[in-house]
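Visitor: Got a structure here, written out as structure tokens. Questions coming.
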Amino acid sequence: MAGLEDLYREIILDHYRSPRNRGELPVPPAHRVEGFNPLCGDEVVVYLEVEDGTVADLRISGQGCSISQSSASMMSAAVRGRPVNEARKLIRSFKAMMSIREQSLGGDEGSDAGDGADGADGSDTGERAETVSPEDLGELAALQGVVKFPVRIKCATLSWNALAQGLDEIAAGVPSAS
Amino acid sequence: MTSTMDLGPLDVAALRKEFPLLQQESHGKRLVYLDSASSSQRPRAVLEAMDHYYETTHANVHRGVYAIAEEATRQFEEARWATGRFIKAPRPATEIVFTKNATEALNLVAHSYGRHLLPAGKAILLTELEHHANLVPWLMLAEERGVELRFLPVGEDYRLDLSELDRLIDGVGLVGVSCMSNVLGTINDLTPIVAAAHAAGAVVVADGSQLVPHRSVDVSALGVDFLAFTSHKMVGPTGIGVLWAREGLLERMPPFLGGGEMIRDVRLDGFIPNDLPWKFEAGTPPIAEAIGLHAAIRFLETVRMERVARHEIELTARAIELLTERHGDDLRIFGPPADPTARGGVLSLGFRDLHAHDLAQVLDAEGVCVRAGHHCAKPLMRRLGVSATARASFYLYTGEDDIEALSDALCAAAAFFG
């Protein structure tokens with residue numbers, strides 16, 4: 001089936017079938033953020049615990065397609081236990097990987113697939129250089145095929161926007177949504 | 001066009017030839033278009049009518065005294081008349097308001113009637129299966145004015161549960177109800193709802209977006225007070241929708257949008273609104289779109305709506321039978337069983353444990369276009385306990401070969417995801 005293998009890599013299907021860090025955390029102390037994809041009704045809930053500048057714990061709940069769920073699962077594996085600044089760098093890198101195709105399609109940066117949850121974007125701009133290349137994203141690079149299916153970019157970025165929003169809210173001292 | 005006077009079954013293969021878009025391929029396969037509930041395709045006659053208008057006649061309407069402006073006005077008003085006749089409106093010249101789409105038509109009612117004529121303290125009764133277009137305008141009104149909203153529930157049989165209608169209608173000033181669910185395919189029997197509403201002194205706002213394109217509709221027989229529908233779901237162009245309302249109501253209602261065209265006189269300290277229906281048509285209207293809609297109506301009337309309805313009733317029954325037989329327990333159809341009067345050609349599907357988005361992606365690779373998602377009816381999806389379905393919907397150009405292609409593509413999806 002032409003093209004579909006680029007989208008549905010084996011590692012993606014594996015994370016979809018056996019999602020990592022699935023569950024909830026008590027709020028507080030954890031911070032809870034919801035992400036919605038208005039297009040398809042997918043929702044992801046990210047529970048986030050930051051201690052001493054580190055993402056001490058992170059859980060994912062919600063429901064959605066294989067792309068949104070596997071992306072959330074891979075994200076959780078990649079940032080859990082990592083310093084917040086590294087998590088932010090990963091968010092930037094992942095979104096950069098997702099937006100390559102959007103820009104070449106002539107869309108304005110940040111438009112359309114550029115992700116509504118926007119607390120993150122403000123902190124992006126000044127530190128654009130600080131990203132890692134897709135080759136260094138590890139298994140997350142498997143999601144690169146998504147950019148060939150522009151409608152699905154929102155699925156892939158859903159949990160990342162929620163994570164970015166959560167980190168911003170924690171940094172700003174905004175209380176968690178319950 | 002073929003077989004114009006033939007009252008027998010539709011010749012789908014011949015009809016399909018009238019639709020240029022349906023001639024193409026997608027991913028190297030025949031394009032199988034099963035998303036007409038979202039937006040239909042349009043025949044060459046509609047495209048040619050709009051081109052012809054732009055090439056020979058275009059000028060702004062209701063303004064110029066020169067020949068082409070008068071001709072543009074005449075064609076625009078003729079389209080209004082044809083649109084009214086299509087739903088058997090008693091007074092097409094005054095009761096048909098052109099809007100941008102059905103959503104705008106419903107917003108017009110919510111703004112004008114809802115904010116000015118809905119008696120204080122009266123509640124609004126809606127249903128759990130409304131499209132967001134007939135829900136969010138009322139939620140906005142409720143938020144702004146504190147109006148109480150009530151909902152007729154959807155039963156286990158995917159039909160409206162009217163057992164509490166008498167209790168729910170008490171104290172209601174307006175009822176909003178869809179003629180046919182865009183998710184379930186359920187055709188709602190409006191008769192008891194209209195009777196209860198009118199007995200309670202309430203008006204009925206019907207969303208006809210899914211019914212008007214597929215069945216012969218007679219607004220007087222429906223008994224409703226407002227009916228909204230849209231051109232692009234009935235082989236017409238995008239950009240034009242329709243509000244039909246009783247003349248007496250439109251007369252009492254204040255304008256919705258302000259601007260040119262909708263006024264009779266303007267001074268610096270006020271304005272006098274125009275006559276019906278222009279009072280509700282601020283600014284330059286969608287003129288070419290109205291002419292395209294007229295061509296679409298002519299097309300449907302030539303085919304005959306009775307034949308369109310019969311074709312879709314038979315195709316829906318056949319599709320349910322074929323898909324159930326071939327896919328058994330792998331397939332779940334969210335909606336009532338085949339029923340000529342109570343079910344239209346919309347099949348919301350769940351397949352194995354696949355998410356609708358993933359399913360639709362594989363179907364697309366097979367050339368099959370279905371809609372995946374919540375279909376702008378999130379409260380109904382919550383009621384069904386799913387976040388998304390894959391929806392296949394039919395029209396006059398849909399044939400059994402399309403259903404077979406859908407079934408084959410479901411097998412491909414099963415093979416792909418293992």
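Chain lettering (A, B, ...) mirrors the order of the structure tokens, residue numbering begins at 1 for each chain separately, and ligand numbering begins at 1 in order of display.
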Quick one: residues within 9 Å of region 292-309 of chain B, only C-alpha atoms, excluding same-chain residues fewer than 6 positions away - as a ChimeraX atom specification?
Guide: /B:1,3-10,42-43,45-50,76,78-80,82-83,86,213-216,231-232,234-237,240,340,344,395-396
Visitor: Got time to write the residues from that selection, C-alpha atoms, as a compact mmCIF listing (two decimals), in the first residue's frame?
Guide:
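Contents of part_23.txt, as written:
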```
# COMPACT_ATOMS: atom_id res chain seq x y z
CA MET B 1 -28.59 14.25 -19.53
CA SER B 3 -33.16 9.22 -19.18
CA THR B 4 -34.78 12.48 -18.13
CA MET B 5 -38.35 11.32 -18.18
CA ASP B 6 -37.65 7.80 -17.01
CA LEU B 7 -39.19 7.12 -13.62
CA GLY B 8 -37.38 3.81 -13.18
CA PRO B 9 -34.22 3.22 -11.16
CA LEU B 10 -31.35 5.68 -11.53
CA ARG B 42 -21.43 19.00 -8.54
CA PRO B 43 -22.43 18.22 -12.12
CA ALA B 45 -24.40 21.78 -15.61
CA VAL B 46 -23.86 23.69 -12.36
CA LEU B 47 -20.29 24.66 -13.23
CA GLU B 48 -21.35 25.74 -16.72
CA ALA B 49 -24.26 27.82 -15.41
CA MET B 50 -21.91 29.74 -13.12
CA PHE B 76 -30.78 35.96 -8.91
CA GLU B 78 -35.40 33.50 -10.25
CA ALA B 79 -32.98 31.33 -8.26
CA ARG B 80 -34.76 32.38 -5.07
CA ALA B 82 -36.78 28.02 -7.73
CA THR B 83 -35.27 27.37 -4.29
CA PHE B 86 -38.02 23.07 -4.39
CA PRO B 213 -30.68 17.15 -0.60
CA HIS B 214 -32.01 13.58 -0.39
CA ARG B 215 -35.81 13.58 -0.05
CA SER B 216 -38.74 15.54 -1.43
CA SER B 231 -26.37 24.35 -1.47
CA HIS B 232 -23.08 22.48 -1.39
CA MET B 234 -27.22 19.25 -2.89
CA VAL B 235 -24.88 19.31 -5.91
CA GLY B 236 -24.73 23.13 -5.83
CA PRO B 237 -21.78 25.41 -5.16
CA ILE B 240 -24.66 29.86 -0.38
CA PRO B 340 -37.34 3.66 4.18
CA GLY B 344 -30.94 8.01 5.23
CA TYR B 395 -25.90 10.32 -2.97
CA LEU B 396 -27.46 9.89 -6.36
```
Visitor: Can you pull out the residues contacting Glu5 (chain A)? Cut-off 10 Å, using only C-alpha atoms, and skip same-chain residues under 4 positions away; I want them as a PDB file with C-alpha atoms, in the first residue's frame.
Guide:
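Dumped everything to out_24.pdb:
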```
ATOM      1  CA  MET A   1       0.000   0.000   0.000  1.00  0.00           C
ATOM      2  CA  ARG A   9       6.397   2.623  10.941  1.00  0.00           C
ATOM      3  CA  GLU A  10       6.657  -0.517  13.052  1.00  0.00           C
ATOM      4  CA  GLY A 145       6.954  10.333   7.847  1.00  0.00           C
TER       5      GLY A 145
ATOM      6  CA  PHE B 416      -2.454  -3.651   6.962  1.00  0.00           C
TER       7      PHE B 416
END
```
Visitor: For chain A, report every residue with an atom at most 7 Å from chain B (counting only C-alpha atoms), formatted as a list in words.
Guide: Met1, Leu39, Cys40, Gly41, Asp42, Gly64, Cys65 and Ser66 of chain A
Visitor: Between A:Gly3, A:Gly173, A:Gly166, A:Pro19, which is the closest to Ser76 (chain A) once you count only C-alpha atoms?
Guide: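 That would be A:Pro19, the residue with the smallest distance to Ser76 (chain A).
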Visitor: Select from region 324-367 of chain B everything DSSP, run on the backbone, classes as strand (DSSP E), then give the selection as a VMD selection string.
Guide: chain B and resid 331 to 334 346 to 351
Visitor: Keeping only C-alpha atoms, write those residues as a CSV table (one decimal), in the first residue's frame.
Guide:
```csv
chain,number,residue,atom,x,y,z
B,331,LEU,CA,-17.9,-3.9,11.8
B,332,ARG,CA,-20.2,-1.8,13.9
B,333,ILE,CA,-22.7,0.5,12.4
B,334,PHE,CA,-23.8,3.4,14.6
B,346,VAL,CA,-25.2,7.8,6.2
B,347,LEU,CA,-23.3,5.0,7.7
B,348,SER,CA,-21.1,5.7,10.7
B,349,LEU,CA,-18.7,2.9,11.1
B,350,GLY,CA,-16.4,1.4,13.7
B,351,PHE,CA,-14.1,-1.3,12.4
```
Visitor: Quick one: pick out all alpha helix (DSSP H) residues within region 141-307 of chain B from a backbone DSSP run and write them as an MDAnalysis selection string.
Guide: chainID B and resid 141:145 165:169 191:199 219:222 247:252 287:303 305:307
Visitor: Would you please work out which residue, of A:Gln63, A:Gln165, A:Gln144, A:Thr54, is nearest to Val79 (chain A) when using only C-alpha atoms?
Guide: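 Once distances to Val79 (chain A) are computed over only C-alpha atoms, the minimum belongs to A:Thr54.
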Visitor: Between CA of Ser181 (chain B) and CA of Val219 (chain B), measure the distance and give it in Å to one decimal.
Guide: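 We find that CA of Ser181 (chain B) and CA of Val219 (chain B) lie 18.1 Å from each other.
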Visitor: Need the shell around region 186-199 of chain B: protein/DNA/RNA residues with any atom at most 10 Å away, counting only C-alpha atoms. Skip same-chain ones fewer than 2 positions apart. Format as a ChimeraX atom specification?
Guide: /B:125,129,157-160,162,165-166,168-175,177-184,201-206,210-211,221-225,334-347
Visitor: Could you name the residues that touch Arg82 (chain A) at 9 Å or less, counting only C-alpha atoms, but leaving out those on the same chain fewer than 3 positions away, as a list in words?
Guide: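 Answer for this query is Gly53, Thr54, Val55, Ala56, Ala78, Val79, Asn85, Glu86 and Ala87 of chain A.
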Visitor: Please provide the set of residues having any atom within 7 Å of Asp402 (chain B), restricted to only C-alpha atoms, with same-chain residues fewer than 4 positions apart removed, written as a ChimeraX atom specification.
Guide: /B:32,398,406
Visitor: Counting only C-alpha atoms, which of B:Lys88, B:Leu227, B:Tyr53, B:Leu117 gets nearest to Asn134 (chain B)?
Guide: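 Once distances to Asn134 (chain B) are computed over only C-alpha atoms, the minimum belongs to B:Leu227.
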Visitor: Between B:Ile124, B:Ile96, B:Tyr397, B:Asp207, which one has atoms that come closest to Ser36 (chain B), using only C-alpha atoms?
Guide: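 Closest candidate: B:Tyr397.
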Visitor: Mind checking which residues fall within 8 Å of region 20-22 of chain A, counting only C-alpha atoms, ignoring those fewer than 4 positions away in the same chain, and posting them as a count of residues only?
Guide: 9
Visitor: Within 12 Å of region 63-70 of chain B, counting only C-alpha atoms, which residues qualify if same-chain residues fewer than 3 places away don't, as a PyMOL selection string?
Guide: chain B and resi 53-60+73-77+260-261+283-284+287
Visitor: Report, in Å with one decimal, the straight-line distance from CA of Ala171 (chain A) to CA of Asp57 (chain A).
Guide: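 Atom-to-atom, CA of Ala171 (chain A) to CA of Asp57 (chain A), that is 16.0 Å.
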